[in-house]
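Visitor: Enclosed is the structure file entry-v4.txt (compact mmCIF, N, CA, C and O atoms).
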# COMPACT_ATOMS: atom_id res chain seq x y z
N MET A 1 0.82 -1.19 0.00
CA MET A 1 0.00 0.00 0.00
C MET A 1 0.86 1.26 0.00
O MET A 1 0.55 2.23 -0.66
N LYS A 2 1.97 1.22 0.76
CA LYS A 2 2.86 2.38 0.81
C LYS A 2 3.47 2.67 -0.55
O LYS A 2 3.64 3.82 -0.93
N ILE A 3 3.80 1.62 -1.30
CA ILE A 3 4.40 1.79 -2.62
C ILE A 3 3.40 2.43 -3.57
O ILE A 3 3.75 3.33 -4.34
N VAL A 4 2.14 2.00 -3.49
CA VAL A 4 1.10 2.56 -4.35
C VAL A 4 0.89 4.03 -4.02
O VAL A 4 0.82 4.88 -4.90
N LEU A 5 0.82 4.35 -2.73
CA LEU A 5 0.63 5.74 -2.31
C LEU A 5 1.82 6.60 -2.72
O LEU A 5 1.65 7.70 -3.23
N LEU A 6 3.02 6.08 -2.53
CA LEU A 6 4.22 6.82 -2.90
C LEU A 6 4.27 7.05 -4.41
O LEU A 6 4.60 8.14 -4.88
N SER A 7 3.92 6.04 -5.17
CA SER A 7 3.88 6.18 -6.63
C SER A 7 2.85 7.22 -7.05
O SER A 7 3.11 8.05 -7.92
N PHE A 8 1.69 7.17 -6.42
CA PHE A 8 0.63 8.12 -6.73
C PHE A 8 1.09 9.56 -6.44
O PHE A 8 0.92 10.45 -7.25
N LEU A 9 1.72 9.76 -5.28
CA LEU A 9 2.19 11.09 -4.92
C LEU A 9 3.30 11.57 -5.85
O LEU A 9 3.35 12.73 -6.22
N SER A 10 4.20 10.67 -6.22
CA SER A 10 5.31 11.09 -7.09
C SER A 10 4.81 11.47 -8.48
O SER A 10 5.40 12.31 -9.14
N ILE A 11 3.69 10.88 -8.91
CA ILE A 11 3.11 11.22 -10.21
C ILE A 11 2.28 12.50 -10.10
O ILE A 11 2.36 13.38 -10.94
N CYS A 12 1.48 12.61 -9.03
CA CYS A 12 0.53 13.71 -8.91
C CYS A 12 1.11 14.98 -8.32
O CYS A 12 0.63 16.07 -8.62
N LEU A 13 2.11 14.87 -7.47
CA LEU A 13 2.63 16.05 -6.79
C LEU A 13 3.13 17.13 -7.76
O LEU A 13 2.80 18.30 -7.58
N PRO A 14 3.89 16.79 -8.81
CA PRO A 14 4.30 17.85 -9.74
C PRO A 14 3.11 18.54 -10.41
O PRO A 14 3.13 19.74 -10.63
N VAL A 15 2.08 17.78 -10.69
CA VAL A 15 0.88 18.36 -11.31
C VAL A 15 0.18 19.29 -10.32
O VAL A 15 -0.24 20.39 -10.65
N ILE A 16 0.06 18.84 -9.07
CA ILE A 16 -0.58 19.66 -8.04
C ILE A 16 0.21 20.93 -7.81
O ILE A 16 -0.35 22.02 -7.73
N LEU A 17 1.53 20.82 -7.71
CA LEU A 17 2.35 22.01 -7.46
C LEU A 17 2.31 22.98 -8.64
O LEU A 17 2.26 24.19 -8.44
N SER A 18 2.32 22.46 -9.85
CA SER A 18 2.27 23.36 -11.00
C SER A 18 0.90 24.02 -11.11
O SER A 18 0.78 25.11 -11.65
N ALA A 19 -0.14 23.40 -10.58
CA ALA A 19 -1.47 24.00 -10.60
C ALA A 19 -1.55 25.19 -9.67
O ALA A 19 -2.46 26.01 -9.78
N GLN A 20 -0.61 25.33 -8.74
CA GLN A 20 -0.63 26.44 -7.80
C GLN A 20 0.07 27.69 -8.35
O GLN A 20 0.12 28.70 -7.67
N SER A 21 0.58 27.63 -9.55
CA SER A 21 1.23 28.80 -10.13
C SER A 21 0.22 29.92 -10.31
O SER A 21 -0.84 29.73 -10.88
N THR A 22 0.55 31.11 -9.83
CA THR A 22 -0.39 32.23 -9.92
C THR A 22 -0.51 32.76 -11.34
O THR A 22 -1.54 33.30 -11.71
N ASP A 23 0.53 32.62 -12.15
CA ASP A 23 0.52 33.20 -13.48
C ASP A 23 -0.58 32.63 -14.37
O ASP A 23 -1.17 33.35 -15.15
N ALA A 24 -0.84 31.36 -14.28
CA ALA A 24 -1.78 30.71 -15.18
C ALA A 24 -3.22 30.77 -14.69
O ALA A 24 -4.12 30.41 -15.40
N ASN A 25 -3.43 31.25 -13.47
CA ASN A 25 -4.75 31.15 -12.87
C ASN A 25 -5.57 32.43 -12.88
O ASN A 25 -6.68 32.43 -12.40
N TYR A 26 -5.04 33.51 -13.37
CA TYR A 26 -5.80 34.75 -13.38
C TYR A 26 -5.30 35.67 -14.49
O TYR A 26 -4.20 35.51 -15.02
N LYS A 27 -6.15 36.62 -14.84
CA LYS A 27 -5.78 37.69 -15.75
C LYS A 27 -6.28 38.99 -15.15
O LYS A 27 -7.35 39.03 -14.55
N VAL A 28 -5.51 40.05 -15.33
CA VAL A 28 -5.91 41.37 -14.86
C VAL A 28 -6.15 42.22 -16.10
O VAL A 28 -5.27 42.37 -16.94
N TYR A 29 -7.36 42.77 -16.18
CA TYR A 29 -7.71 43.60 -17.33
C TYR A 29 -7.79 45.05 -16.90
O TYR A 29 -8.53 45.40 -15.98
N ASP A 30 -7.01 45.91 -17.55
CA ASP A 30 -7.01 47.33 -17.26
C ASP A 30 -8.02 48.00 -18.20
O ASP A 30 -7.82 48.04 -19.41
N VAL A 31 -9.10 48.52 -17.64
CA VAL A 31 -10.15 49.11 -18.48
C VAL A 31 -9.70 50.41 -19.13
O VAL A 31 -10.16 50.73 -20.23
N LYS A 32 -8.81 51.16 -18.49
CA LYS A 32 -8.32 52.40 -19.10
C LYS A 32 -7.42 52.11 -20.30
O LYS A 32 -7.49 52.78 -21.32
N LYS A 33 -6.56 51.11 -20.16
CA LYS A 33 -5.64 50.75 -21.24
C LYS A 33 -6.28 49.81 -22.26
O LYS A 33 -5.70 49.55 -23.30
N GLN A 34 -7.43 49.25 -21.90
CA GLN A 34 -8.15 48.31 -22.77
C GLN A 34 -7.29 47.09 -23.14
O GLN A 34 -7.29 46.65 -24.29
N LYS A 35 -6.58 46.56 -22.13
CA LYS A 35 -5.77 45.37 -22.39
C LYS A 35 -5.47 44.64 -21.09
O LYS A 35 -5.62 45.17 -20.00
N THR A 36 -5.02 43.41 -21.23
CA THR A 36 -4.60 42.61 -20.10
C THR A 36 -3.23 43.09 -19.66
O THR A 36 -2.35 43.37 -20.48
N VAL A 37 -3.04 43.22 -18.34
CA VAL A 37 -1.77 43.68 -17.78
C VAL A 37 -1.27 42.68 -16.75
O VAL A 37 -2.01 41.79 -16.33
N THR A 38 -0.04 42.85 -16.33
CA THR A 38 0.56 41.96 -15.34
C THR A 38 0.44 42.56 -13.94
O THR A 38 0.18 43.77 -13.80
N LEU A 39 0.65 41.74 -12.93
CA LEU A 39 0.62 42.24 -11.56
C LEU A 39 1.67 43.33 -11.33
O LEU A 39 1.36 44.36 -10.73
N PRO A 40 2.91 43.19 -11.83
CA PRO A 40 3.87 44.29 -11.67
C PRO A 40 3.41 45.59 -12.33
O PRO A 40 3.68 46.67 -11.81
N ASP A 41 2.68 45.49 -13.44
CA ASP A 41 2.12 46.69 -14.07
C ASP A 41 1.15 47.39 -13.13
O ASP A 41 1.16 48.61 -12.99
N VAL A 42 0.30 46.60 -12.49
CA VAL A 42 -0.69 47.15 -11.56
C VAL A 42 0.01 47.80 -10.38
O VAL A 42 -0.33 48.93 -9.98
N ILE A 43 0.98 47.12 -9.81
CA ILE A 43 1.72 47.66 -8.66
C ILE A 43 2.37 48.98 -9.03
O ILE A 43 2.31 49.96 -8.27
N LYS A 44 2.98 49.06 -10.21
CA LYS A 44 3.63 50.29 -10.66
C LYS A 44 2.61 51.42 -10.80
O LYS A 44 2.87 52.56 -10.40
N ASP A 45 1.43 51.13 -11.32
CA ASP A 45 0.40 52.14 -11.51
C ASP A 45 -0.20 52.65 -10.20
O ASP A 45 -0.78 53.73 -10.14
N LEU A 46 -0.05 51.89 -9.12
CA LEU A 46 -0.64 52.27 -7.84
C LEU A 46 0.21 53.26 -7.05
O LEU A 46 -0.19 53.70 -5.98
N LYS A 47 1.35 53.63 -7.59
CA LYS A 47 2.26 54.53 -6.89
C LYS A 47 1.59 55.86 -6.53
O LYS A 47 1.90 56.45 -5.51
N GLU A 48 0.65 56.30 -7.33
CA GLU A 48 0.00 57.60 -7.14
C GLU A 48 -1.21 57.55 -6.21
O GLU A 48 -1.83 58.57 -5.95
N TYR A 49 -1.58 56.37 -5.70
CA TYR A 49 -2.80 56.23 -4.91
C TYR A 49 -2.49 55.99 -3.43
O TYR A 49 -1.50 55.36 -3.09
N ASP A 50 -3.37 56.51 -2.58
CA ASP A 50 -3.22 56.32 -1.14
C ASP A 50 -4.00 55.11 -0.62
O ASP A 50 -3.63 54.52 0.38
N VAL A 51 -5.10 54.77 -1.29
CA VAL A 51 -5.98 53.70 -0.82
C VAL A 51 -6.30 52.78 -1.99
O VAL A 51 -6.60 53.24 -3.09
N VAL A 52 -6.26 51.49 -1.73
CA VAL A 52 -6.61 50.48 -2.73
C VAL A 52 -7.66 49.56 -2.11
O VAL A 52 -7.47 49.06 -1.01
N PHE A 53 -8.76 49.37 -2.80
CA PHE A 53 -9.79 48.43 -2.37
C PHE A 53 -9.69 47.19 -3.24
O PHE A 53 -9.59 47.30 -4.46
N PHE A 54 -9.73 46.03 -2.61
CA PHE A 54 -9.64 44.77 -3.33
C PHE A 54 -10.87 43.96 -2.97
O PHE A 54 -11.00 43.48 -1.86
N GLY A 55 -11.80 43.85 -3.90
CA GLY A 55 -13.01 43.06 -3.66
C GLY A 55 -12.80 41.63 -4.08
O GLY A 55 -12.03 41.33 -4.99
N GLU A 56 -13.47 40.70 -3.40
CA GLU A 56 -13.26 39.29 -3.71
C GLU A 56 -14.45 38.45 -3.24
O GLU A 56 -15.26 38.91 -2.46
N ASP A 57 -14.51 37.26 -3.78
CA ASP A 57 -15.47 36.26 -3.31
C ASP A 57 -14.82 35.49 -2.17
O ASP A 57 -13.66 35.11 -2.27
N HIS A 58 -15.58 35.24 -1.12
CA HIS A 58 -15.00 34.61 0.07
C HIS A 58 -14.52 33.18 -0.16
O HIS A 58 -13.68 32.69 0.57
N ASN A 59 -15.00 32.50 -1.16
CA ASN A 59 -14.61 31.10 -1.40
C ASN A 59 -13.75 30.94 -2.65
O ASN A 59 -13.74 29.89 -3.27
N ASP A 60 -13.03 31.97 -3.02
CA ASP A 60 -12.22 31.95 -4.24
C ASP A 60 -10.75 31.81 -3.89
O ASP A 60 -10.07 32.79 -3.55
N SER A 61 -10.23 30.60 -3.96
CA SER A 61 -8.83 30.36 -3.57
C SER A 61 -7.84 31.08 -4.48
O SER A 61 -6.79 31.54 -4.02
N ILE A 62 -8.16 31.22 -5.75
CA ILE A 62 -7.27 31.94 -6.66
C ILE A 62 -7.26 33.43 -6.29
O ILE A 62 -6.21 34.06 -6.29
N GLY A 63 -8.42 33.97 -5.96
CA GLY A 63 -8.49 35.36 -5.51
C GLY A 63 -7.68 35.58 -4.25
O GLY A 63 -6.98 36.58 -4.12
N HIS A 64 -7.76 34.64 -3.32
CA HIS A 64 -6.99 34.75 -2.08
C HIS A 64 -5.49 34.70 -2.36
O HIS A 64 -4.71 35.44 -1.77
N MET A 65 -5.10 33.82 -3.26
CA MET A 65 -3.69 33.71 -3.63
C MET A 65 -3.22 35.01 -4.30
O MET A 65 -2.13 35.51 -4.00
N LEU A 66 -4.06 35.58 -5.15
CA LEU A 66 -3.72 36.82 -5.83
C LEU A 66 -3.63 37.97 -4.82
O LEU A 66 -2.72 38.81 -4.90
N GLU A 67 -4.53 38.01 -3.85
CA GLU A 67 -4.47 39.04 -2.81
C GLU A 67 -3.16 38.97 -2.05
O GLU A 67 -2.54 40.01 -1.76
N ALA A 68 -2.73 37.78 -1.72
CA ALA A 68 -1.47 37.61 -0.99
C ALA A 68 -0.29 38.09 -1.83
O ALA A 68 0.59 38.79 -1.34
N GLU A 69 -0.28 37.74 -3.11
CA GLU A 69 0.79 38.19 -4.02
C GLU A 69 0.76 39.71 -4.16
O GLU A 69 1.80 40.36 -4.17
N PHE A 70 -0.44 40.26 -4.28
CA PHE A 70 -0.62 41.70 -4.42
C PHE A 70 -0.07 42.42 -3.19
O PHE A 70 0.70 43.37 -3.31
N PHE A 71 -0.43 41.93 -2.00
CA PHE A 71 0.01 42.56 -0.76
C PHE A 71 1.53 42.45 -0.59
O PHE A 71 2.20 43.40 -0.21
N LYS A 72 2.07 41.28 -0.93
CA LYS A 72 3.51 41.08 -0.84
C LYS A 72 4.24 42.02 -1.81
O LYS A 72 5.25 42.63 -1.44
N SER A 73 3.71 42.16 -3.01
CA SER A 73 4.33 43.05 -4.00
C SER A 73 4.26 44.51 -3.56
O SER A 73 5.21 45.26 -3.75
N MET A 74 3.12 44.91 -2.98
CA MET A 74 2.99 46.28 -2.48
C MET A 74 4.00 46.53 -1.36
O MET A 74 4.60 47.60 -1.29
N SER A 75 4.18 45.54 -0.49
CA SER A 75 5.12 45.68 0.63
C SER A 75 6.54 45.85 0.13
O SER A 75 7.33 46.59 0.72
N THR A 76 6.88 45.17 -0.93
CA THR A 76 8.23 45.23 -1.48
C THR A 76 8.46 46.52 -2.26
O THR A 76 9.51 47.14 -2.14
N ALA A 77 7.46 46.93 -3.04
CA ALA A 77 7.63 48.08 -3.93
C ALA A 77 7.57 49.42 -3.22
O ALA A 77 8.23 50.37 -3.64
N TYR A 78 6.79 49.50 -2.17
CA TYR A 78 6.55 50.80 -1.52
C TYR A 78 6.75 50.69 -0.03
O TYR A 78 7.45 49.83 0.47
N PHE A 79 6.09 51.55 0.69
CA PHE A 79 6.11 51.56 2.14
C PHE A 79 5.42 50.31 2.68
O PHE A 79 4.90 49.50 1.93
N LYS A 80 5.39 50.20 3.98
CA LYS A 80 4.66 49.09 4.61
C LYS A 80 3.17 49.38 4.52
O LYS A 80 2.66 50.28 5.19
N PRO A 81 2.44 48.66 3.70
CA PRO A 81 1.00 48.92 3.58
C PRO A 81 0.24 48.47 4.82
O PRO A 81 0.73 47.66 5.60
N VAL A 82 -0.94 49.01 4.99
CA VAL A 82 -1.82 48.65 6.09
C VAL A 82 -2.95 47.82 5.50
O VAL A 82 -3.56 48.19 4.51
N LEU A 83 -3.23 46.69 6.12
CA LEU A 83 -4.27 45.79 5.64
C LEU A 83 -5.44 45.82 6.60
O LEU A 83 -5.27 45.64 7.81
N THR A 84 -6.62 46.07 6.08
CA THR A 84 -7.84 45.95 6.88
C THR A 84 -8.78 45.02 6.14
O THR A 84 -8.73 44.91 4.91
N MET A 85 -9.61 44.33 6.88
CA MET A 85 -10.56 43.41 6.26
C MET A 85 -11.93 43.57 6.88
O MET A 85 -12.06 43.92 8.04
N GLU A 86 -12.93 43.31 6.07
CA GLU A 86 -14.29 43.28 6.58
C GLU A 86 -14.85 41.89 6.32
O GLU A 86 -14.55 41.27 5.32
N MET A 87 -15.66 41.45 7.22
CA MET A 87 -16.24 40.11 7.09
C MET A 87 -17.72 40.16 7.45
O MET A 87 -18.21 39.36 8.21
N PHE A 88 -18.42 41.14 6.93
CA PHE A 88 -19.83 41.27 7.23
C PHE A 88 -20.67 40.70 6.10
O PHE A 88 -20.35 40.86 4.93
N TYR A 89 -21.78 40.08 6.45
CA TYR A 89 -22.72 39.59 5.45
C TYR A 89 -23.60 40.74 4.99
O TYR A 89 -23.81 41.72 5.72
N THR A 90 -24.15 40.64 3.81
CA THR A 90 -24.95 41.73 3.25
C THR A 90 -26.21 42.02 4.06
O THR A 90 -26.69 43.14 4.06
N ASP A 91 -26.73 41.03 4.78
CA ASP A 91 -27.95 41.27 5.55
C ASP A 91 -27.70 42.13 6.78
O ASP A 91 -28.65 42.58 7.43
N THR A 92 -26.45 42.42 7.11
CA THR A 92 -26.14 43.30 8.25
C THR A 92 -25.79 44.72 7.78
O THR A 92 -25.47 45.56 8.61
N GLN A 93 -25.85 44.97 6.49
CA GLN A 93 -25.45 46.28 5.95
C GLN A 93 -26.26 47.43 6.54
O GLN A 93 -25.72 48.50 6.84
N ALA A 94 -27.57 47.25 6.74
CA ALA A 94 -28.41 48.33 7.29
C ALA A 94 -27.94 48.73 8.69
O ALA A 94 -27.89 49.93 9.02
N VAL A 95 -27.56 47.76 9.51
CA VAL A 95 -27.05 48.05 10.85
C VAL A 95 -25.72 48.79 10.77
O VAL A 95 -25.48 49.76 11.51
N ILE A 96 -24.86 48.37 9.88
CA ILE A 96 -23.57 49.04 9.69
C ILE A 96 -23.78 50.48 9.23
O ILE A 96 -23.14 51.41 9.75
N ASP A 97 -24.70 50.68 8.30
CA ASP A 97 -25.01 52.04 7.83
C ASP A 97 -25.51 52.92 8.96
O ASP A 97 -25.14 54.07 9.09
N ASP A 98 -26.40 52.35 9.81
CA ASP A 98 -26.93 53.10 10.96
C ASP A 98 -25.81 53.49 11.91
O ASP A 98 -25.77 54.61 12.42
N TYR A 99 -24.88 52.57 12.16
CA TYR A 99 -23.76 52.86 13.05
C TYR A 99 -22.86 53.95 12.47
O TYR A 99 -22.50 54.91 13.15
N LEU A 100 -22.52 53.83 11.19
CA LEU A 100 -21.63 54.79 10.56
C LEU A 100 -22.25 56.18 10.45
O LEU A 100 -21.54 57.19 10.46
N SER A 101 -23.57 56.25 10.36
CA SER A 101 -24.23 57.56 10.26
C SER A 101 -24.58 58.13 11.63
O SER A 101 -25.14 59.22 11.72
N GLY A 102 -24.26 57.40 12.70
CA GLY A 102 -24.50 57.90 14.06
C GLY A 102 -25.90 57.66 14.60
O GLY A 102 -26.25 58.17 15.66
N VAL A 103 -26.70 56.92 13.88
CA VAL A 103 -28.07 56.63 14.33
C VAL A 103 -28.05 55.72 15.56
O VAL A 103 -28.84 55.90 16.48
N ILE A 104 -27.14 54.78 15.58
CA ILE A 104 -27.00 53.85 16.73
C ILE A 104 -25.55 53.86 17.20
O ILE A 104 -24.64 54.23 16.46
N SER A 105 -25.34 53.42 18.43
CA SER A 105 -23.97 53.31 18.97
C SER A 105 -23.55 51.84 18.92
O SER A 105 -24.31 50.98 18.48
N GLU A 106 -22.36 51.59 19.42
CA GLU A 106 -21.88 50.21 19.46
C GLU A 106 -22.83 49.35 20.26
O GLU A 106 -23.06 48.21 20.02
Would you mind giving the structure from this file in structure tokens?
Guide:
Amino acid sequence: MKIVLLSFLSICLPVILSAQSTDANYKVYDVKKQKTVTLPDVIKDLKEYDVVFFGEDHNDSIGHMLEAEFFKSMSTAYFKPVLTMEMFYTDTQAVIDDYLSGVISE
């Protein structure tokens, strides 16, 4: 059984590891330039901005991997960025709006 498992892993592991490459799993489209761009292109273009919002689907592993690469690239290219996250469901938006507008307190 160990030989079968080892054989299976030795055949599948390179495929699994190559599937984790970020380059093949996403494309970034720049609407102003009307073309696909690379992550370094995006990082370079962000030099003039103070705030960047990154929207994502909560169950998207490729999106999460891209966010990590994006944050790492920002950290390397510029100052130490600040990361904040929100984890609210859409059905709580009215309560959040009330809090932010001062209608209710914590």
Visitor: Excluding same-chain residues fewer than 6 positions from range 69-79 of chain A, what lies within 8 Å of it counting all atoms listed in the file, as number ranges by chain?
Guide: A: 39-40, 43-44, 47, 62-63
Visitor: Please indicate the distance in Å from CA of Tyr26 in chain A to CA of Leu83 in chain A, rounded to one decimal place.
Guide: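 Between CA of Tyr26 in chain A and CA of Leu83 in chain A the gap is 22.0 Å.
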Visitor: Any idea what the distance is between atom O of Ile104 in chain A and CA of Thr84 in chain A?
Guide: 21.0 Å
Visitor: Measuring atom to atom with all atoms listed in the file, identify which of A:Thr92, A:Pro81, A:Lys32, A:Met87 is nearest to Asp50 in chain A.
Guide: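 Checking each of A:Thr92, A:Pro81, A:Lys32, A:Met87 against Asp50 in chain A, counting all atoms listed in the file, the winner is A:Pro81.
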Visitor: Using only C-alpha atoms, pick whichever of A:Lys27, A:His64, A:His58, A:Lys35 has the shortest atom-to-atom distance to Glu86 in chain A.
Guide: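 Smallest distance to Glu86 in chain A is found for A:His58.
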Visitor: Kindly give the distance, in Å, that separates CA of Met85 in chain A and atom O of Phe54 in chain A, rounded to a single decimal.
Guide: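 Computing it gives 8.1 Å between the two atoms.
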Visitor: Let's see if you can do this: from backbone DSSP, list all strand (DSSP E or B) residues in range 18-103 of chain A, as a list of chain:residue names.
Guide: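 Taking range 18-103 of chain A and keeping strand (DSSP E or B) gives A:Val28, A:Tyr29, A:Asp30, A:Lys35, A:Thr36, A:Val37.
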Visitor: Just asking: which residues within range 30-85 of chain A are helix (DSSP H, G or I) according to DSSP, as a PyMOL selection string?
Guide: chain A and resi 39-48+61-77
Visitor: For Val28 in chain A, please output as a ChimeraX atom specification all residues within 6 Å (counting only N, CA, C and O atoms; exclusion window: fewer than 3 positions along the same chain).
Guide: /A:35-38
Visitor: Those same residues, written as a CSV table (one decimal), in the coordinates of the input with N, CA, C and O atoms?
Guide:
chain,number,residue,atom,x,y,z
A,35,LYS,N,-6.6,46.6,-22.1
A,35,LYS,CA,-5.8,45.4,-22.4
A,35,LYS,C,-5.5,44.6,-21.1
A,35,LYS,O,-5.6,45.2,-20.0
A,36,THR,N,-5.0,43.4,-21.2
A,36,THR,CA,-4.6,42.6,-20.1
A,36,THR,C,-3.2,43.1,-19.7
A,36,THR,O,-2.4,43.4,-20.5
A,37,VAL,N,-3.0,43.2,-18.3
A,37,VAL,CA,-1.8,43.7,-17.8
A,37,VAL,C,-1.3,42.7,-16.8
A,37,VAL,O,-2.0,41.8,-16.3
A,38,THR,N,0.0,42.8,-16.3
A,38,THR,CA,0.6,42.0,-15.3
A,38,THR,C,0.4,42.6,-13.9
A,38,THR,O,0.2,43.8,-13.8
Visitor: Model the absent atoms of range 90-98 of chain A so that all heavy atoms are present, and write the result as a compact mmCIF listing (two decimals), keeping the file's coordinate frame.
Guide:
# COMPACT_ATOMS: atom_id res chain seq x y z
N THR A 90 -24.15 40.64 3.81
CA THR A 90 -24.95 41.73 3.25
C THR A 90 -26.21 42.02 4.06
O THR A 90 -26.69 43.14 4.06
CB THR A 90 -25.34 41.44 1.79
OG1 THR A 90 -26.01 40.18 1.74
CG2 THR A 90 -24.12 41.40 0.90
N ASP A 91 -26.73 41.03 4.78
CA ASP A 91 -27.95 41.27 5.55
C ASP A 91 -27.70 42.13 6.78
O ASP A 91 -28.65 42.58 7.43
CB ASP A 91 -28.64 39.96 5.93
CG ASP A 91 -27.80 39.08 6.84
OD1 ASP A 91 -26.58 39.30 6.94
OD2 ASP A 91 -28.37 38.15 7.44
N THR A 92 -26.45 42.42 7.11
CA THR A 92 -26.14 43.30 8.25
C THR A 92 -25.79 44.72 7.78
O THR A 92 -25.47 45.56 8.61
CB THR A 92 -24.98 42.75 9.09
OG1 THR A 92 -23.82 42.66 8.26
CG2 THR A 92 -25.31 41.39 9.68
N GLN A 93 -25.85 44.97 6.49
CA GLN A 93 -25.45 46.28 5.95
C GLN A 93 -26.26 47.43 6.54
O GLN A 93 -25.72 48.50 6.84
CB GLN A 93 -25.55 46.31 4.43
CG GLN A 93 -24.99 47.58 3.81
CD GLN A 93 -23.51 47.76 4.08
OE1 GLN A 93 -22.72 46.85 3.85
NE2 GLN A 93 -23.11 48.92 4.58
N ALA A 94 -27.57 47.25 6.74
CA ALA A 94 -28.41 48.33 7.29
C ALA A 94 -27.94 48.73 8.69
O ALA A 94 -27.89 49.93 9.02
CB ALA A 94 -29.87 47.89 7.32
N VAL A 95 -27.56 47.76 9.51
CA VAL A 95 -27.05 48.05 10.85
C VAL A 95 -25.72 48.79 10.77
O VAL A 95 -25.48 49.76 11.51
CB VAL A 95 -26.92 46.75 11.68
CG1 VAL A 95 -26.32 47.04 13.05
CG2 VAL A 95 -28.26 46.05 11.80
N ILE A 96 -24.86 48.37 9.88
CA ILE A 96 -23.57 49.04 9.69
C ILE A 96 -23.78 50.48 9.23
O ILE A 96 -23.14 51.41 9.75
CB ILE A 96 -22.68 48.25 8.69
CG1 ILE A 96 -22.33 46.90 9.28
CG2 ILE A 96 -21.43 49.05 8.33
CD1 ILE A 96 -21.71 45.94 8.29
N ASP A 97 -24.70 50.68 8.30
CA ASP A 97 -25.01 52.04 7.83
C ASP A 97 -25.51 52.92 8.96
O ASP A 97 -25.14 54.07 9.09
CB ASP A 97 -26.03 52.00 6.69
CG ASP A 97 -25.46 51.39 5.42
OD1 ASP A 97 -24.22 51.32 5.27
OD2 ASP A 97 -26.29 51.00 4.56
N ASP A 98 -26.40 52.35 9.81
CA ASP A 98 -26.93 53.10 10.96
C ASP A 98 -25.81 53.49 11.91
O ASP A 98 -25.77 54.61 12.42
CB ASP A 98 -27.99 52.29 11.70
CG ASP A 98 -29.31 52.22 10.95
OD1 ASP A 98 -29.49 52.98 9.98
OD2 ASP A 98 -30.15 51.38 11.34
